[in-house]
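This is entry-v5.csv. It holds CSV, C-alpha atoms.
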chain,number,residue,atom,x,y,z
A,73,MET,CA,-40.4,233.8,23.6
A,74,MET,CA,-40.0,233.0,19.9
A,75,LYS,CA,-42.9,233.8,17.6
A,76,SER,CA,-43.0,232.5,14.1
A,77,GLN,CA,-44.2,234.9,11.4
A,78,GLY,CA,-44.2,233.1,8.0
A,79,ARG,CA,-40.9,231.4,7.4
A,80,SER,CA,-38.6,233.6,9.6
A,81,LYS,CA,-38.7,233.5,13.4
A,82,ARG,CA,-39.2,236.8,15.2
A,83,ILE,CA,-37.9,237.3,18.7
A,84,GLU,CA,-40.2,238.9,21.2
A,85,VAL,CA,-39.2,239.3,24.8
A,86,SER,CA,-40.3,241.4,27.7
A,87,HIS,CA,-41.6,244.5,26.1
A,88,GLY,CA,-42.2,243.9,22.4
A,89,THR,CA,-39.9,243.2,19.5
A,90,PRO,CA,-36.4,244.6,18.9
A,91,GLU,CA,-37.9,246.6,16.0
A,92,ALA,CA,-40.5,248.1,18.2
A,93,ALA,CA,-37.9,248.9,20.9
A,94,VAL,CA,-35.9,250.9,18.4
A,95,GLU,CA,-38.9,252.5,16.7
A,96,GLN,CA,-40.2,253.8,20.1
A,97,LEU,CA,-37.1,256.1,20.2
A,98,GLY,CA,-38.5,258.1,17.2
A,99,LEU,CA,-35.0,258.7,15.8
A,100,PRO,CA,-34.0,259.4,12.2
A,101,SER,CA,-32.0,256.7,10.4
A,102,GLN,CA,-28.7,258.6,11.0
A,103,VAL,CA,-27.8,259.9,14.5
A,104,SER,CA,-24.7,260.6,16.6
A,105,TYR,CA,-23.7,258.3,19.4
A,106,GLY,CA,-24.5,261.1,21.9
A,107,GLN,CA,-28.0,261.6,20.4
A,108,LEU,CA,-28.6,257.8,20.7
A,109,ILE,CA,-27.6,257.7,24.3
A,110,LYS,CA,-29.8,260.8,25.1
A,111,ALA,CA,-32.8,259.2,23.3
A,112,VAL,CA,-32.4,256.0,25.3
A,113,GLU,CA,-32.0,258.0,28.5
A,114,VAL,CA,-35.3,259.8,27.8
A,115,GLU,CA,-37.1,256.4,27.1
A,116,HIS,CA,-35.4,254.8,30.2
A,117,GLY,CA,-36.3,257.8,32.4
A,118,LYS,CA,-32.9,258.2,33.9
A,119,PRO,CA,-29.3,259.1,33.0
A,120,ILE,CA,-27.0,256.4,31.5
A,121,VAL,CA,-23.3,256.6,32.3
A,122,VAL,CA,-20.9,254.7,30.1
A,123,ARG,CA,-17.5,253.8,31.5
A,124,ALA,CA,-14.6,252.0,30.0
A,125,VAL,CA,-13.0,249.7,32.6
A,126,PRO,CA,-10.0,247.3,32.7
A,127,ARG,CA,-10.7,243.8,31.6
A,128,SER,CA,-10.0,242.5,35.1
A,129,THR,CA,-13.1,244.4,36.3
A,130,LEU,CA,-15.3,242.4,33.8
A,131,PRO,CA,-13.7,239.0,33.4
A,132,GLY,CA,-15.7,236.7,31.1
A,133,VAL,CA,-18.1,239.4,29.8
A,134,SER,CA,-17.6,242.2,27.3
A,135,GLY,CA,-20.2,244.5,28.9
A,136,LEU,CA,-22.4,245.0,31.9
A,137,TRP,CA,-25.4,247.0,32.7
A,138,LEU,CA,-26.0,248.1,36.3
A,139,GLU,CA,-29.2,250.0,37.3
A,140,THR,CA,-29.7,252.0,40.4
A,141,GLU,CA,-32.7,254.1,41.4
A,142,SER,CA,-31.2,257.3,40.0
A,143,LYS,CA,-29.2,256.1,36.9
A,144,SER,CA,-27.9,253.2,34.9
A,145,HIS,CA,-24.3,252.4,34.3
A,146,ILE,CA,-22.9,250.5,31.3
A,147,LEU,CA,-19.4,249.1,31.8
A,148,VAL,CA,-17.3,248.0,28.8
A,149,HIS,CA,-13.7,246.8,28.4
A,150,LYS,CA,-11.4,249.8,27.8
A,151,ASP,CA,-9.1,247.8,25.5
A,152,HIS,CA,-11.8,247.0,23.0
A,153,SER,CA,-11.7,249.0,19.7
A,154,ASP,CA,-14.0,252.0,19.6
A,155,LEU,CA,-16.3,250.2,17.2
A,156,HIS,CA,-16.5,247.1,19.5
A,157,LYS,CA,-17.1,249.3,22.6
A,158,MET,CA,-19.9,251.1,20.8
A,159,HIS,CA,-21.5,247.8,19.8
A,160,VAL,CA,-21.3,246.4,23.3
A,161,VAL,CA,-22.9,249.6,24.6
A,162,CYS,CA,-25.7,249.3,22.0
A,163,HIS,CA,-26.2,245.7,23.2
A,164,GLU,CA,-26.7,246.9,26.7
A,165,LEU,CA,-29.0,249.7,25.5
A,166,GLY,CA,-31.0,246.9,23.9
A,167,HIS,CA,-31.5,245.3,27.3
A,168,ILE,CA,-32.6,248.7,28.6
A,169,LEU,CA,-35.0,249.3,25.8
A,170,LEU,CA,-36.5,245.8,25.9
A,171,ARG,CA,-36.8,246.2,29.7
A,172,HIS,CA,-35.0,243.0,30.5
A,173,GLU,CA,-35.1,242.2,34.2
A,174,GLY,CA,-31.5,241.2,34.8
A,175,CYS,CA,-29.7,237.9,35.4
A,176,ASP,CA,-30.0,235.8,38.6
A,177,GLY,CA,-26.8,233.9,37.9
A,178,MET,CA,-24.6,236.9,38.0
A,179,ALA,CA,-23.1,236.4,41.4
A,180,LEU,CA,-21.0,233.4,40.4
A,181,PRO,CA,-19.3,234.7,37.2
A,182,ALA,CA,-19.2,238.3,38.5
A,183,PRO,CA,-15.9,239.7,39.7
A,184,SER,CA,-15.5,240.2,43.4
A,185,ILE,CA,-15.8,244.0,43.0
A,186,PHE,CA,-19.5,243.4,42.3
A,187,ASN,CA,-20.2,240.5,44.7
A,188,HIS,CA,-20.3,242.8,47.7
A,189,LEU,CA,-22.4,245.6,46.2
A,190,GLY,CA,-25.8,244.0,45.8
A,191,ARG,CA,-29.0,245.8,46.8
A,192,HIS,CA,-27.5,247.4,49.9
A,193,ARG,CA,-25.5,249.6,47.5
A,194,GLY,CA,-28.6,250.5,45.5
A,195,ILE,CA,-28.2,248.2,42.6
A,196,LYS,CA,-31.7,247.2,41.3
A,197,ARG,CA,-30.6,245.3,38.3
A,198,MET,CA,-27.4,243.8,37.0
A,199,LEU,CA,-27.3,242.3,33.6
A,200,ALA,CA,-24.3,240.9,31.7
A,201,ARG,CA,-24.1,238.7,28.6
A,202,SER,CA,-25.4,235.3,29.5
A,203,PRO,CA,-23.1,232.3,28.9
A,204,GLN,CA,-26.1,230.8,27.0
A,205,TRP,CA,-27.2,232.4,23.7
A,206,ASN,CA,-30.8,232.7,24.8
A,207,ASP,CA,-33.8,234.6,23.5
A,208,VAL,CA,-33.0,237.6,25.7
A,209,GLU,CA,-29.5,237.9,24.4
A,210,LYS,CA,-30.6,237.4,20.8
A,211,ALA,CA,-33.1,240.2,21.2
A,212,ALA,CA,-30.6,242.6,22.7
A,213,GLU,CA,-28.1,241.8,20.0
A,214,GLU,CA,-30.7,242.5,17.3
A,215,VAL,CA,-31.4,245.9,18.9
A,216,ALA,CA,-27.6,246.4,19.0
A,217,TYR,CA,-27.2,245.9,15.3
A,218,MET,CA,-30.1,248.3,14.5
A,219,LEU,CA,-28.7,251.0,16.9
A,220,SER,CA,-25.1,250.5,15.6
A,221,GLY,CA,-26.4,250.9,12.0
A,222,MET,CA,-28.0,254.3,13.0
A,223,VAL,CA,-24.8,255.6,14.5
A,224,LEU,CA,-22.2,254.4,11.9
A,225,GLU,CA,-21.6,256.9,9.2
A,226,LYS,CA,-23.1,256.0,6.0
A,227,GLU,CA,-20.9,256.2,2.9
A,228,VAL,CA,-22.0,258.9,0.5
A,229,VAL,CA,-22.2,257.3,-2.9
A,230,SER,CA,-20.3,259.7,-5.2
A,231,VAL,CA,-21.7,260.3,-8.6
A,232,SER,CA,-19.3,259.4,-11.3
A,233,GLN,CA,-18.4,261.6,-14.2
A,234,PHE,CA,-20.4,259.2,-16.4
A,235,GLU,CA,-23.5,259.6,-14.3
A,236,ARG,CA,-23.2,263.4,-14.2
A,237,VAL,CA,-23.2,263.5,-18.0
A,238,PHE,CA,-26.2,261.2,-18.4
A,239,GLY,CA,-28.1,262.5,-15.4

If you convert what's in this file into structure tokens, what do you get?
Amino acid sequence: MMKSQGRSKRIEVSHGTPEAAVEQLGLPSQVSYGQLIKAVEVEHGKPIVVRAVPRSTLPGVSGLWLETESKSHILVHKDHSDLHKMHVVCHELGHILLRHEGCDGMALPAPSIFNHLGRHRGIKRMLARSPQWNDVEKAAEEVAYMLSGMVLEKEVVSVSQFERVFG
């Protein structure tokens, strides 16, 4: 659902705002990718396995989150750049943190490798980027930008000779 606060619109879906989802991790402003995954695993209550797969495994989507009773799997195209892969993973982590329920329309666009899995293989939830840019996707993307910003190295601003002289 969209809530308006003043002039800008805030996205709030499932379990709070994107900001609250990130704040609940209690992380500093700069973390490693591994630390981020660990923190989300703790919040999620189960391990998260990230796997890079061929594009043919995920036609039409850049990432996919599959959840079973014992762990979650995030699949991302292996031919994406490292930066793009990280952002896609952060987007899927956004779905996890916001406790999004999954997508009912996944069977049609999903590759045949997933069509036969379903609940009999233990998959509780399957969520891929929706063809529509809806509130759920916008919220996950907002979380992705915040998480990516925490992982990306911040440039250290060097002090110039002039600044050293004058303090």

May I have the centre and edge lengths, in Å to one decimal, of an axis-aligned box around the listed atoms of range 126-136 of chain A with 3 Å added to every side, as JSON?
{"center_x": -16.2, "center_y": 242.0, "center_z": 31.8, "size_x": 18.4, "size_y": 16.6, "size_z": 15.0}

- Message: Residues within 9 Å of (-35.5, 254.8, 31.1), file coordinates, counting all atoms listed in the file: what are they? Give the list as a list of chain:residue names.
- Response: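 Final list of nearby residues, as requested, is A:Val112, A:Glu113, A:Val114, A:Glu115, A:His116, A:Gly117, A:Lys118, A:Pro119, A:Ile120, A:Lys143, A:Ser144, A:Ile168, A:Leu169, A:Arg171.
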
- Message: Ranking A:Ala92, A:Ala212, A:Val125, A:Leu99 by minimum distance to Lys157 in chain A and counting all atoms listed in the file, which one comes first?
- Response: A:Val125

- CA of Met158 in chain A and CA of Asn206 in chain A, how far apart in Å?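 Separation of CA of Asn206 in chain A and CA of Met158 in chain A: 21.8 Å.
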
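In this model, the gap between CA of Trp205 in chain A and CA of Glu139 in chain A comes to 22.3 Å.
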
- Write out as a PyMOL selection string the residues lying within 9 Å of Val215 in chain A, counting all atoms listed in the file and excluding same-chain residues fewer than 5 positions away. chain A and resi 89-91+93-94+162-163+165-167+169-170+210+220

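With distances taken over all atoms listed in the file, A:Ala111 is the one residue among A:Leu136, A:Ala216, A:Val223, A:Ala111 lying closest to Gly98 in chain A.
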
- Item | Pick from A:Asp151, A:Gly221, A:Pro126, A:Glu164, whichever lies nearest to Leu138 in chain A using only C-alpha atoms |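 Smallest distance to Leu138 in chain A is found for A:Glu164.
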
- Task: Compare A:Val103, A:His159, A:Gly88, A:His172 by their minimum atom-to-atom distance to Glu213 in chain A, counting only C-alpha atoms, and give me the closest one.
- Result: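 Checking each of A:Val103, A:His159, A:Gly88, A:His172 against Glu213 in chain A, counting only C-alpha atoms, the winner is A:His159.
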
- Message: If I take CA of Lys110 in chain A and CA of Glu173 in chain A, how far is one from the other in Å, to one decimal?
- Response: 21.4 Å
